[in-house]
Amino acid sequence: MDETRTHDVDAVVVGAGFAGLYMLYRLRNAGFTVRVFEAGDGVGGTWYWNRYPGARCDVESMEYSYSFSEELQQEWEWTERYATQPEILRYLNHVADRFDLRPDIQLQTTVVTADYDEDTARWAVGLDDGSTVTARFVIMASGCLSQARVPSFPGLDAYRGRTYHTGDWPADGVDVSGLRVGIIGTGSSGVQVIPLVAQEAAATVVFQRTPNFTMPARNAPLTVEKIAAMKANYAKLREQARWSGNGTLRVSHDEPAATAPPELIQQRYEAGWAFGGNDIVGSFNDLTTVQGSNDTLAGFLRGKIRKIVRDDETSQALTAQDYPVGAKRMCLGTDYYETFNRENVRLVDLRSEPIEDFTPQGIRTSAAEYPLDAVIFATGFDAMTGAILRVDIRGRGGRSLRDDWAGGPHTYLGLASAGFPNLFFITGPGSPSVLSNVVVSIEQHVEWIGDHIEYLRKRDLTSTEAGLEAQEQWVAHVNDTAARTLMMKAASWYLGANVPGKPRVFMPYLGGVGNYRRVCNEVAADDYRGFVTE
């Protein structure tokens, strides 16, 4: 036997976060042999790597959790409305132990290549240690926001201070007390990390390119009554979330802001601001489709920011959004805007003074040089496709997935791509994924993939792949759906706009979690319509 070849399995799963753990559980329970490969030295995926101060989920914790096991959801006790990274990581480790998943997970192992053999209808999966494992199926559970990205700044190599990325934070933490710290980026990670760094650092300089709309999280400990009520009605509430627009229990109103009286608009927005979280975007049903309606919410939020931030110049920079509310991911923060009132915090507006280069001592903009002891990159990820395309995937005839997606990802239902048999994506581009409670979307994809693989086994079929016609019809539908909204009016990572050279294609599906589930169910019920099996 070739020394570089390990044992064969039915399925290889890439990644051991929420998606990978549940995929392993689902396939193993169905009698398949599975091997999960995880680059980190622990399970958790996103919640393993993103250990930066303030890291929290922006979906309520009792919803951002598995529903597949009634025993699990009854026994686990969440402590806060929005769970912290350490708590979510403890939860995922509990899941790995409770269901004895660790024996089938290989840590500190990166999948480098995946080559499909048409003669055997099997994948040869190459690992970073030089070994290979063969599998009938390869399932990418590598996450939508897992490929951390640092922009290419001139002079960065010459900078002598410390550098960190929020998406690859040291496990033992970072002590910034007494340091002059620069933070680049004001998306979700930046919004969460900035207030906590500012409390410890001697000086904090925030470099902002694009201001976000940030809602107060209003985080608080969960009450005994809240937990009991949720657990008593979990079955009903979970089903409600599965068929909702975004996979959560958010209250959404049916009437449009376009015809609502001003006093009702103000009342709904004030209630949303007081409640916290991002439920405010459900205040009216046309906020994501009608610019004038969206403007009412944008004006309300800018008014709140101006009341909080005392310095006029800083307030102006924080309210200079040039895109509709929700077209970039709304952030949840705790004392985010209040932090800019601190004497040791300065906001640098990169639109008026862009970064020219790094120097050995810090960062130089067009207007000044800022000496810094440490720089934190809260610059996000190569979202949706980065972690998938990091693996050199070759399908029929040696065709490259990277080449196929060079003009933007093409998938059928976000689950599979034509020319790549027995390859599945969990929450891939073309599915609701990042526009949903991703755990709800993960469970749906895992169960759909598991059912499809069982379907093949029962019929003695060896392969399945997306049909090209069905795939292109779905890609067109995803694009048409996005075009009917305001989401195309922002240079967001939904479009890949944060990665130079990446094609501008709206990647997630905006048709809603419930509608998407219905389509997937109909495809499965019709003998997996649009898939080619043999």
# chains A, B, ... in the order shown; residues from 1 in each chain; ligands from 1
$ residues_around --residues "Gln240 in chain A" --least-positions-apart "2" --cutoff "12 Å" --atoms "only C-alpha atoms" --output "number ranges by chain"
A: 63, 233-238, 242-251, 440, 513-514
$ select_by_dssp --residues "range 223-252 of chain A" --states "alpha helix (DSSP H)" --output "number ranges by chain"
A: 224-232, 234-242
$ write_last_selection --atoms "N, CA and C atoms" --output "short mmCIF file (atom, residue, chain, number, x, y, z; two decimals), in the first residue's frame"
data_model
loop_
_atom_site.label_atom_id
_atom_site.label_comp_id
_atom_site.auth_asym_id
_atom_site.auth_seq_id
_atom_site.Cartn_x
_atom_site.Cartn_y
_atom_site.Cartn_z
N VAL A 224 -34.22 33.30 34.42
CA VAL A 224 -34.74 31.93 34.58
C VAL A 224 -36.06 31.79 33.85
N GLU A 225 -36.88 32.83 33.92
CA GLU A 225 -38.20 32.79 33.27
C GLU A 225 -38.08 32.73 31.75
N LYS A 226 -37.17 33.52 31.18
CA LYS A 226 -36.96 33.52 29.73
C LYS A 226 -36.50 32.15 29.25
N ILE A 227 -35.55 31.57 29.97
CA ILE A 227 -35.03 30.25 29.58
C ILE A 227 -36.12 29.21 29.65
N ALA A 228 -36.89 29.20 30.74
CA ALA A 228 -37.95 28.21 30.92
C ALA A 228 -39.02 28.33 29.85
N ALA A 229 -39.40 29.56 29.52
CA ALA A 229 -40.44 29.77 28.51
C ALA A 229 -39.97 29.29 27.14
N MET A 230 -38.71 29.57 26.82
CA MET A 230 -38.17 29.15 25.52
C MET A 230 -38.09 27.63 25.45
N LYS A 231 -37.59 27.01 26.49
CA LYS A 231 -37.43 25.55 26.47
C LYS A 231 -38.78 24.84 26.44
N ALA A 232 -39.77 25.41 27.08
CA ALA A 232 -41.10 24.79 27.10
C ALA A 232 -41.74 24.82 25.72
N TYR A 234 -39.81 25.11 22.71
CA TYR A 234 -38.74 25.03 21.72
C TYR A 234 -39.22 24.43 20.39
N ALA A 235 -39.98 23.35 20.44
CA ALA A 235 -40.39 22.69 19.19
C ALA A 235 -41.15 23.65 18.28
N LYS A 236 -42.09 24.36 18.84
CA LYS A 236 -42.90 25.31 18.06
C LYS A 236 -42.05 26.47 17.57
N LEU A 237 -41.19 27.00 18.43
CA LEU A 237 -40.38 28.16 18.07
C LEU A 237 -39.34 27.82 17.00
N ARG A 238 -38.76 26.63 17.12
CA ARG A 238 -37.77 26.21 16.12
C ARG A 238 -38.43 26.07 14.75
N GLU A 239 -39.62 25.51 14.71
CA GLU A 239 -40.30 25.36 13.43
C GLU A 239 -40.66 26.72 12.85
N GLN A 240 -41.03 27.63 13.70
CA GLN A 240 -41.33 29.00 13.26
C GLN A 240 -40.10 29.64 12.63
N ALA A 241 -38.94 29.45 13.26
CA ALA A 241 -37.70 30.03 12.73
C ALA A 241 -37.33 29.40 11.39
N ARG A 242 -37.55 28.11 11.24
CA ARG A 242 -37.19 27.42 10.00
C ARG A 242 -37.93 27.97 8.79
#
$ residues_around --residues "Ile426 in chain A" --least-positions-apart "2" --cutoff "7 Å" --atoms "only C-alpha atoms" --output "ChimeraX atom specification"
/A:19,140-141,415,424,428,442,445-446
$ select_by_dssp --residues "range 180-242 of chain A" --states "strand (DSSP E or B)" --output "PDB file with N, CA, C and O atoms, in the first residue's frame"
ATOM      1  N   ARG A 180      -0.221  52.085  22.684  1.00  0.00           N
ATOM      2  CA  ARG A 180      -0.893  52.877  21.655  1.00  0.00           C
ATOM      3  C   ARG A 180      -1.325  51.890  20.566  1.00  0.00           C
ATOM      4  O   ARG A 180      -0.486  51.275  19.911  1.00  0.00           O
ATOM      5  N   VAL A 181      -2.640  51.746  20.396  1.00  0.00           N
ATOM      6  CA  VAL A 181      -3.171  50.696  19.529  1.00  0.00           C
ATOM      7  C   VAL A 181      -3.946  51.311  18.365  1.00  0.00           C
ATOM      8  O   VAL A 181      -4.799  52.177  18.562  1.00  0.00           O
ATOM      9  N   GLY A 182      -3.645  50.844  17.167  1.00  0.00           N
ATOM     10  CA  GLY A 182      -4.431  51.206  15.991  1.00  0.00           C
ATOM     11  C   GLY A 182      -5.361  50.060  15.637  1.00  0.00           C
ATOM     12  O   GLY A 182      -4.971  48.891  15.720  1.00  0.00           O
ATOM     13  N   ILE A 183      -6.582  50.378  15.281  1.00  0.00           N
ATOM     14  CA  ILE A 183      -7.547  49.358  14.851  1.00  0.00           C
ATOM     15  C   ILE A 183      -8.055  49.750  13.471  1.00  0.00           C
ATOM     16  O   ILE A 183      -8.613  50.835  13.293  1.00  0.00           O
ATOM     17  N   ILE A 184      -7.850  48.877  12.499  1.00  0.00           N
ATOM     18  CA  ILE A 184      -8.292  49.134  11.132  1.00  0.00           C
ATOM     19  C   ILE A 184      -9.527  48.292  10.853  1.00  0.00           C
ATOM     20  O   ILE A 184      -9.476  47.064  10.899  1.00  0.00           O
ATOM     21  N   ALA A 203      -3.849  54.689  24.290  1.00  0.00           N
ATOM     22  CA  ALA A 203      -4.469  55.456  23.209  1.00  0.00           C
ATOM     23  C   ALA A 203      -4.980  54.477  22.163  1.00  0.00           C
ATOM     24  O   ALA A 203      -4.329  53.464  21.882  1.00  0.00           O
ATOM     25  N   THR A 204      -6.136  54.775  21.620  1.00  0.00           N
ATOM     26  CA  THR A 204      -6.720  53.925  20.570  1.00  0.00           C
ATOM     27  C   THR A 204      -7.049  54.799  19.366  1.00  0.00           C
ATOM     28  O   THR A 204      -7.784  55.778  19.489  1.00  0.00           O
ATOM     29  N   VAL A 205      -6.474  54.439  18.229  1.00  0.00           N
ATOM     30  CA  VAL A 205      -6.747  55.161  16.985  1.00  0.00           C
ATOM     31  C   VAL A 205      -7.529  54.229  16.071  1.00  0.00           C
ATOM     32  O   VAL A 205      -7.041  53.161  15.690  1.00  0.00           O
ATOM     33  N   VAL A 206      -8.764  54.617  15.748  1.00  0.00           N
ATOM     34  CA  VAL A 206      -9.639  53.801  14.905  1.00  0.00           C
ATOM     35  C   VAL A 206      -9.580  54.344  13.480  1.00  0.00           C
ATOM     36  O   VAL A 206      -9.880  55.515  13.240  1.00  0.00           O
ATOM     37  N   PHE A 207      -9.180  53.494  12.539  1.00  0.00           N
ATOM     38  CA  PHE A 207      -9.103  53.873  11.137  1.00  0.00           C
ATOM     39  C   PHE A 207     -10.358  53.360  10.438  1.00  0.00           C
ATOM     40  O   PHE A 207     -10.535  52.149  10.267  1.00  0.00           O
ATOM     41  N   GLN A 208     -11.220  54.272  10.040  1.00  0.00           N
ATOM     42  CA  GLN A 208     -12.506  53.914   9.447  1.00  0.00           C
ATOM     43  C   GLN A 208     -12.542  54.288   7.973  1.00  0.00           C
ATOM     44  O   GLN A 208     -12.331  55.437   7.604  1.00  0.00           O
ATOM     45  N   THR A 214     -24.718  50.788  13.394  1.00  0.00           N
ATOM     46  CA  THR A 214     -24.555  49.895  14.542  1.00  0.00           C
ATOM     47  C   THR A 214     -25.703  50.079  15.514  1.00  0.00           C
ATOM     48  O   THR A 214     -25.967  51.197  15.976  1.00  0.00           O
ATOM     49  N   MET A 215     -26.372  48.981  15.806  1.00  0.00           N
ATOM     50  CA  MET A 215     -27.461  48.986  16.787  1.00  0.00           C
ATOM     51  C   MET A 215     -26.930  48.603  18.161  1.00  0.00           C
ATOM     52  O   MET A 215     -26.007  47.785  18.267  1.00  0.00           O
ATOM     53  N   PRO A 216     -27.498  49.153  19.229  1.00  0.00           N
ATOM     54  CA  PRO A 216     -27.118  48.682  20.565  1.00  0.00           C
ATOM     55  C   PRO A 216     -27.601  47.248  20.763  1.00  0.00           C
ATOM     56  O   PRO A 216     -28.737  46.908  20.387  1.00  0.00           O
ATOM     57  N   PRO A 221     -27.916  39.281  31.049  1.00  0.00           N
ATOM     58  CA  PRO A 221     -28.059  37.874  31.446  1.00  0.00           C
ATOM     59  C   PRO A 221     -29.475  37.378  31.150  1.00  0.00           C
ATOM     60  O   PRO A 221     -30.443  38.125  31.272  1.00  0.00           O
TER      61      PRO A 221
END
$ atom_distance --atom1 "CA of Gly408 in chain A" --atom2 "CA of Glu472 in chain A"
12.1 Å
$ residues_around --residues "Gly185 in chain A" --least-positions-apart "3" --cutoff "12 Å" --atoms "only C-alpha atoms" --output "PyMOL selection string"
chain A and resi 149-151+165-166+182+188-194+205-212+347-350+375-381+498
$ write_last_selection --atoms "N, CA, C and O atoms" --output "tab-separated table (two decimals), in the first residue's frame"
chain	number	residue	atom	x	y	z
A	149	ARG	N	-8.56	37.96	6.29
A	149	ARG	CA	-7.90	38.72	5.22
A	149	ARG	C	-7.28	40.00	5.75
A	149	ARG	O	-7.93	40.78	6.43
A	150	VAL	N	-5.99	40.20	5.46
A	150	VAL	CA	-5.30	41.46	5.77
A	150	VAL	C	-5.00	42.15	4.45
A	150	VAL	O	-4.33	41.57	3.59
A	151	PRO	N	-5.50	43.36	4.25
A	151	PRO	CA	-5.21	44.08	3.01
A	151	PRO	C	-3.70	44.28	2.83
A	151	PRO	O	-2.94	44.25	3.79
A	165	HIS	N	-4.91	39.90	13.83
A	165	HIS	CA	-6.16	39.91	13.08
A	165	HIS	C	-7.24	39.33	13.98
A	165	HIS	O	-7.03	38.31	14.65
A	166	THR	N	-8.39	39.99	14.00
A	166	THR	CA	-9.47	39.52	14.89
A	166	THR	C	-9.88	38.09	14.56
A	166	THR	O	-10.33	37.36	15.44
A	182	GLY	N	-3.65	50.84	17.17
A	182	GLY	CA	-4.43	51.21	15.99
A	182	GLY	C	-5.36	50.06	15.64
A	182	GLY	O	-4.97	48.89	15.72
A	188	SER	N	-18.35	44.27	11.95
A	188	SER	CA	-18.81	43.61	13.17
A	188	SER	C	-17.69	43.37	14.17
A	188	SER	O	-17.84	43.64	15.37
A	189	SER	N	-16.55	42.88	13.69
A	189	SER	CA	-15.43	42.60	14.60
A	189	SER	C	-14.89	43.88	15.21
A	189	SER	O	-14.61	43.95	16.42
A	190	GLY	N	-14.71	44.91	14.39
A	190	GLY	CA	-14.22	46.19	14.89
A	190	GLY	C	-15.16	46.80	15.91
A	190	GLY	O	-14.72	47.30	16.96
A	191	VAL	N	-16.45	46.77	15.62
A	191	VAL	CA	-17.45	47.32	16.54
A	191	VAL	C	-17.39	46.63	17.90
A	191	VAL	O	-17.58	47.26	18.94
A	192	GLN	N	-17.11	45.34	17.89
A	192	GLN	CA	-17.05	44.60	19.16
A	192	GLN	C	-15.75	44.81	19.90
A	192	GLN	O	-15.73	44.93	21.13
A	193	VAL	N	-14.63	44.88	19.18
A	193	VAL	CA	-13.34	44.92	19.85
A	193	VAL	C	-12.94	46.33	20.29
A	193	VAL	O	-12.24	46.51	21.30
A	194	ILE	N	-13.36	47.35	19.55
A	194	ILE	CA	-12.91	48.72	19.82
A	194	ILE	C	-13.23	49.18	21.25
A	194	ILE	O	-12.33	49.70	21.95
A	205	VAL	N	-6.47	54.44	18.23
A	205	VAL	CA	-6.75	55.16	16.98
A	205	VAL	C	-7.53	54.23	16.07
A	205	VAL	O	-7.04	53.16	15.69
A	206	VAL	N	-8.76	54.62	15.75
A	206	VAL	CA	-9.64	53.80	14.90
A	206	VAL	C	-9.58	54.34	13.48
A	206	VAL	O	-9.88	55.52	13.24
A	207	PHE	N	-9.18	53.49	12.54
A	207	PHE	CA	-9.10	53.87	11.14
A	207	PHE	C	-10.36	53.36	10.44
A	207	PHE	O	-10.53	52.15	10.27
A	208	GLN	N	-11.22	54.27	10.04
A	208	GLN	CA	-12.51	53.91	9.45
A	208	GLN	C	-12.54	54.29	7.97
A	208	GLN	O	-12.33	55.44	7.60
A	209	ARG	N	-12.83	53.29	7.14
A	209	ARG	CA	-13.04	53.57	5.73
A	209	ARG	C	-14.53	53.84	5.46
A	209	ARG	O	-14.89	54.86	4.88
A	210	THR	N	-15.38	52.91	5.93
A	210	THR	CA	-16.82	53.05	5.69
A	210	THR	C	-17.55	52.92	7.03
A	210	THR	O	-17.42	51.90	7.70
A	211	PRO	N	-18.30	53.94	7.42
A	211	PRO	CA	-19.05	53.82	8.69
A	211	PRO	C	-20.19	52.81	8.56
A	211	PRO	O	-20.83	52.71	7.50
A	212	ASN	N	-20.40	52.06	9.61
A	212	ASN	CA	-21.50	51.11	9.64
A	212	ASN	C	-22.68	51.68	10.39
A	212	ASN	O	-22.54	52.64	11.17
A	347	LEU	N	-10.81	58.93	16.06
A	347	LEU	CA	-11.29	58.35	14.81
A	347	LEU	C	-10.59	59.03	13.64
A	347	LEU	O	-10.59	60.25	13.52
A	348	VAL	N	-10.00	58.21	12.79
A	348	VAL	CA	-9.38	58.70	11.57
A	348	VAL	C	-10.26	58.29	10.40
A	348	VAL	O	-10.47	57.10	10.16
A	349	ASP	N	-10.79	59.28	9.69
A	349	ASP	CA	-11.67	59.03	8.55
A	349	ASP	C	-10.82	58.82	7.31
A	349	ASP	O	-10.25	59.76	6.76
A	350	LEU	N	-10.72	57.57	6.85
A	350	LEU	CA	-9.84	57.26	5.73
A	350	LEU	C	-10.36	57.78	4.40
A	350	LEU	O	-9.63	57.77	3.41
A	375	VAL	N	-1.09	47.06	16.06
A	375	VAL	CA	-2.16	47.29	15.10
A	375	VAL	C	-3.05	46.05	15.05
A	375	VAL	O	-2.54	44.93	14.91
A	376	ILE	N	-4.35	46.27	15.17
A	376	ILE	CA	-5.32	45.19	15.08
A	376	ILE	C	-6.06	45.35	13.75
A	376	ILE	O	-6.65	46.39	13.47
A	377	PHE	N	-6.00	44.30	12.95
A	377	PHE	CA	-6.73	44.29	11.69
A	377	PHE	C	-8.11	43.66	11.92
A	377	PHE	O	-8.21	42.45	12.12
A	378	ALA	N	-9.14	44.48	11.91
A	378	ALA	CA	-10.51	43.99	11.96
A	378	ALA	C	-11.07	44.10	10.54
A	378	ALA	O	-12.09	44.73	10.29
A	379	THR	N	-10.33	43.49	9.61
A	379	THR	CA	-10.56	43.72	8.18
A	379	THR	C	-11.34	42.60	7.51
A	379	THR	O	-11.43	42.57	6.28
A	380	GLY	N	-11.90	41.71	8.32
A	380	GLY	CA	-12.84	40.75	7.77
A	380	GLY	C	-12.23	39.58	7.04
A	380	GLY	O	-11.09	39.19	7.28
A	381	PHE	N	-13.02	39.06	6.09
A	381	PHE	CA	-12.72	37.76	5.49
A	381	PHE	C	-12.93	37.80	3.97
A	381	PHE	O	-13.63	38.64	3.44
A	498	ASN	N	-14.79	43.65	-0.71
A	498	ASN	CA	-13.67	43.90	0.19
A	498	ASN	C	-12.39	43.21	-0.25
A	498	ASN	O	-11.34	43.38	0.38
$ closest_residue --among "A:Thr134, A:Asn93, A:Asn344, A:Ser252" --to "Thr113 in chain A" --atoms "only C-alpha atoms"
A:Thr134
$ atom_distance --atom1 "CA of Asp357 in chain A" --atom2 "CA of Gly187 in chain A"
21.6 Å
$ closest_residue --among "A:Gly395, A:Gly511, A:Gly173, A:Gly467" --to "Ala483 in chain A" --atoms "only C-alpha atoms"
A:Gly511
